[in-house]
file run.cif (mmCIF, C-alpha atoms)
data_model
#
loop_
_atom_site.group_PDB
_atom_site.id
_atom_site.type_symbol
_atom_site.label_atom_id
_atom_site.label_comp_id
_atom_site.auth_asym_id
_atom_site.auth_seq_id
_atom_site.Cartn_x
_atom_site.Cartn_y
_atom_site.Cartn_z
ATOM 1 C CA MET A 23 -4.987 -11.384 -32.962
ATOM 2 C CA VAL A 24 -1.599 -11.478 -31.204
ATOM 3 C CA ASN A 25 -0.448 -8.509 -33.276
ATOM 4 C CA TYR A 26 -3.526 -6.555 -32.179
ATOM 5 C CA LEU A 27 -2.873 -7.343 -28.496
ATOM 6 C CA ILE A 28 0.780 -6.290 -28.769
ATOM 7 C CA ARG A 29 -0.209 -2.992 -30.396
ATOM 8 C CA ARG A 30 -2.803 -2.328 -27.696
ATOM 9 C CA ILE A 31 -0.317 -3.070 -24.902
ATOM 10 C CA VAL A 32 2.344 -0.804 -26.436
ATOM 11 C CA PHE A 33 -0.225 1.946 -26.956
ATOM 12 C CA SER A 34 -1.384 1.580 -23.327
ATOM 13 C CA ILE A 35 2.180 1.937 -22.053
ATOM 14 C CA VAL A 36 2.690 5.087 -24.149
ATOM 15 C CA VAL A 37 -0.576 6.553 -22.835
ATOM 16 C CA LEU A 38 0.381 5.770 -19.216
ATOM 17 C CA ILE A 39 3.760 7.460 -19.668
ATOM 18 C CA GLY A 40 2.029 10.494 -21.182
ATOM 19 C CA ILE A 41 -0.459 10.680 -18.325
ATOM 20 C CA SER A 42 2.355 10.418 -15.775
ATOM 21 C CA LEU A 43 4.273 13.246 -17.482
ATOM 22 C CA VAL A 44 1.231 15.522 -17.522
ATOM 23 C CA SER A 45 0.371 14.680 -13.900
ATOM 24 C CA PHE A 46 3.924 15.337 -12.747
ATOM 25 C CA ALA A 47 4.046 18.620 -14.675
ATOM 26 C CA ILE A 48 0.851 19.766 -12.938
ATOM 27 C CA ILE A 49 2.333 18.838 -9.556
ATOM 28 C CA GLU A 50 5.475 20.839 -10.389
ATOM 29 C CA LEU A 51 3.644 23.951 -11.714
ATOM 30 C CA PRO A 52 3.298 25.957 -8.487
ATOM 31 C CA PRO A 53 6.335 28.114 -7.722
ATOM 32 C CA GLY A 54 8.769 26.815 -5.127
ATOM 33 C CA ASP A 55 8.750 23.436 -3.473
ATOM 34 C CA PHE A 56 8.138 21.988 -0.037
ATOM 35 C CA GLY A 57 11.561 23.236 1.064
ATOM 36 C CA THR A 58 10.524 26.821 0.321
ATOM 37 C CA THR A 59 7.277 26.369 2.227
ATOM 38 C CA TYR A 60 9.173 24.817 5.134
ATOM 39 C CA LYS A 61 11.681 27.688 5.166
ATOM 40 C CA ASN A 62 8.921 30.308 5.206
ATOM 41 C CA ARG A 63 7.164 28.471 8.028
ATOM 42 C CA LEU A 64 10.373 28.388 10.080
ATOM 43 C CA ILE A 65 10.947 32.096 9.546
ATOM 44 C CA ASN A 66 7.358 33.165 10.268
ATOM 45 C CA GLN A 67 6.402 30.816 13.096
ATOM 46 C CA SER A 68 9.642 30.366 14.999
ATOM 47 C CA ASN A 69 11.419 33.624 14.093
ATOM 48 C CA MET A 70 14.401 31.681 12.790
ATOM 49 C CA LYS A 71 17.052 33.634 10.903
ATOM 50 C CA PRO A 72 16.655 33.290 7.108
ATOM 51 C CA GLU A 73 20.146 31.808 6.681
ATOM 52 C CA LEU A 74 19.495 29.067 9.238
ATOM 53 C CA ALA A 75 16.014 28.442 7.825
ATOM 54 C CA GLU A 76 17.491 28.029 4.323
ATOM 55 C CA GLU A 77 19.992 25.531 5.726
ATOM 56 C CA GLN A 78 17.174 23.495 7.268
ATOM 57 C CA ALA A 79 15.135 23.731 4.057
ATOM 58 C CA GLN A 80 18.093 22.386 2.074
ATOM 59 C CA LYS A 81 18.286 19.387 4.415
ATOM 60 C CA VAL A 82 14.584 18.731 3.792
ATOM 61 C CA ARG A 83 15.139 18.966 0.020
ATOM 62 C CA GLU A 84 17.977 16.440 0.228
ATOM 63 C CA ARG A 85 15.965 14.088 2.445
ATOM 64 C CA TYR A 86 13.020 13.946 0.054
ATOM 65 C CA GLY A 87 14.997 14.130 -3.194
ATOM 66 C CA LEU A 88 13.724 17.577 -4.148
ATOM 67 C CA ASP A 89 17.230 18.761 -5.016
ATOM 68 C CA GLY A 90 17.494 16.559 -8.134
ATOM 69 C CA THR A 91 16.617 17.485 -11.677
ATOM 70 C CA MET A 92 13.028 17.295 -12.833
ATOM 71 C CA ALA A 93 13.810 14.147 -14.860
ATOM 72 C CA GLU A 94 15.331 12.442 -11.794
ATOM 73 C CA ARG A 95 12.363 13.384 -9.641
ATOM 74 C CA TRP A 96 9.897 12.096 -12.288
ATOM 75 C CA PHE A 97 11.794 8.813 -12.665
ATOM 76 C CA ASN A 98 11.902 8.266 -8.876
ATOM 77 C CA TRP A 99 8.204 9.128 -8.617
ATOM 78 C CA VAL A 100 7.236 6.639 -11.334
ATOM 79 C CA LYS A 101 9.590 4.016 -9.890
ATOM 80 C CA GLY A 102 7.901 4.354 -6.488
ATOM 81 C CA ILE A 103 4.462 3.983 -8.043
ATOM 82 C CA VAL A 104 5.402 0.917 -10.109
ATOM 83 C CA THR A 105 7.550 -0.942 -7.579
ATOM 84 C CA LYS A 106 5.918 -0.051 -4.238
ATOM 85 C CA GLY A 107 2.524 1.360 -5.158
ATOM 86 C CA GLU A 108 3.440 4.582 -3.344
ATOM 87 C CA PHE A 109 2.878 8.052 -4.750
ATOM 88 C CA GLY A 110 5.507 9.618 -2.507
ATOM 89 C CA PRO A 111 5.673 11.065 0.969
ATOM 90 C CA ALA A 112 2.781 13.180 2.214
ATOM 91 C CA MET A 113 4.476 16.398 3.303
ATOM 92 C CA ALA A 114 1.381 17.476 5.238
ATOM 93 C CA TYR A 115 1.793 14.425 7.484
ATOM 94 C CA GLY A 116 5.459 14.854 8.309
ATOM 95 C CA GLY A 117 6.785 13.152 5.180
ATOM 96 C CA LYS A 118 5.352 9.719 5.940
ATOM 97 C CA ASP A 119 4.462 7.495 3.016
ATOM 98 C CA VAL A 120 0.708 7.265 2.743
#
call {"tool": "encode", "arguments": {"input": "run.cif", "output": "structure tokens"}}
result
Amino acid sequence: MVNYLIRRIVFSIVVLIGISLVSFAIIELPPGDFGTTYKNRLINQSNMKPELAEEQAQKVRERYGLDGTMAERWFNWVKGIVTKGEFGPAMAYGGKDV
């Protein structure tokens, strides 16, 4: 009975990791990131020069950890879910944790 429970727990952990990888991959599929969207918004809505807009977009990427590798971003995302119960900042609401 204990052996069965251990196998089920290990299998559940593997399934959860797989689901998190697939979910994160789907989130990452669209081209660009929030920094790109932010840069385009600065250029189009405030007529900011592209060089200055890219500088601001890079600051946003650094602030939210979007400049790391995909593995780093996935690990930080999972860590936030497990330790704090947070799925990350909501960019549509000014980057506040929802």
call {"tool": "residues_around", "arguments": {"input": "run.cif", "residues": "region 86-95 of chain A", "least_positions_apart": "2", "cutoff": "12 Å", "atoms": "all atoms listed in the file", "output": "PyMOL selection string"}}
result
chain A and resi 43+46-47+49-51+54-58+79-84+97-102+109-113+116-119
call {"tool": "write_last_selection", "arguments": {"input": "run.cif", "atoms": "C-alpha atoms", "output": "mmCIF file, in the frame of the given file"}}
result
data_model
loop_
_atom_site.group_PDB
_atom_site.id
_atom_site.type_symbol
_atom_site.label_atom_id
_atom_site.label_comp_id
_atom_site.auth_asym_id
_atom_site.auth_seq_id
_atom_site.Cartn_x
_atom_site.Cartn_y
_atom_site.Cartn_z
ATOM 1 C CA LEU A 43 4.273 13.246 -17.482
ATOM 2 C CA PHE A 46 3.924 15.337 -12.747
ATOM 3 C CA ALA A 47 4.046 18.620 -14.675
ATOM 4 C CA ILE A 49 2.333 18.838 -9.556
ATOM 5 C CA GLU A 50 5.475 20.839 -10.389
ATOM 6 C CA LEU A 51 3.644 23.951 -11.714
ATOM 7 C CA GLY A 54 8.769 26.815 -5.127
ATOM 8 C CA ASP A 55 8.750 23.436 -3.473
ATOM 9 C CA PHE A 56 8.138 21.988 -0.037
ATOM 10 C CA GLY A 57 11.561 23.236 1.064
ATOM 11 C CA THR A 58 10.524 26.821 0.321
ATOM 12 C CA ALA A 79 15.135 23.731 4.057
ATOM 13 C CA GLN A 80 18.093 22.386 2.074
ATOM 14 C CA LYS A 81 18.286 19.387 4.415
ATOM 15 C CA VAL A 82 14.584 18.731 3.792
ATOM 16 C CA ARG A 83 15.139 18.966 0.020
ATOM 17 C CA GLU A 84 17.977 16.440 0.228
ATOM 18 C CA PHE A 97 11.794 8.813 -12.665
ATOM 19 C CA ASN A 98 11.902 8.266 -8.876
ATOM 20 C CA TRP A 99 8.204 9.128 -8.617
ATOM 21 C CA VAL A 100 7.236 6.639 -11.334
ATOM 22 C CA LYS A 101 9.590 4.016 -9.890
ATOM 23 C CA GLY A 102 7.901 4.354 -6.488
ATOM 24 C CA PHE A 109 2.878 8.052 -4.750
ATOM 25 C CA GLY A 110 5.507 9.618 -2.507
ATOM 26 C CA PRO A 111 5.673 11.065 0.969
ATOM 27 C CA ALA A 112 2.781 13.180 2.214
ATOM 28 C CA MET A 113 4.476 16.398 3.303
ATOM 29 C CA GLY A 116 5.459 14.854 8.309
ATOM 30 C CA GLY A 117 6.785 13.152 5.180
ATOM 31 C CA LYS A 118 5.352 9.719 5.940
ATOM 32 C CA ASP A 119 4.462 7.495 3.016
#
call {"tool": "atom_distance", "arguments": {"input": "run.cif", "atom1": "CA of Lys71 (chain A)", "atom2": "CA of Arg85 (chain A)"}}
result
21.3 Å
call {"tool": "atom_distance", "arguments": {"input": "run.cif", "atom1": "CA of Ile103 (chain A)", "atom2": "CA of Lys61 (chain A)"}}
result
28.1 Å
call {"tool": "atom_distance", "arguments": {"input": "run.cif", "atom1": "CA of Asn62 (chain A)", "atom2": "CA of Ala75 (chain A)"}}
result
7.8 Å
call {"tool": "closest_residue", "arguments": {"input": "run.cif", "among": "A:Thr59, A:Trp96, A:Gly107, A:Leu64", "to": "Ser42 (chain A)", "atoms": "all atoms listed in the file"}}
result
A:Trp96
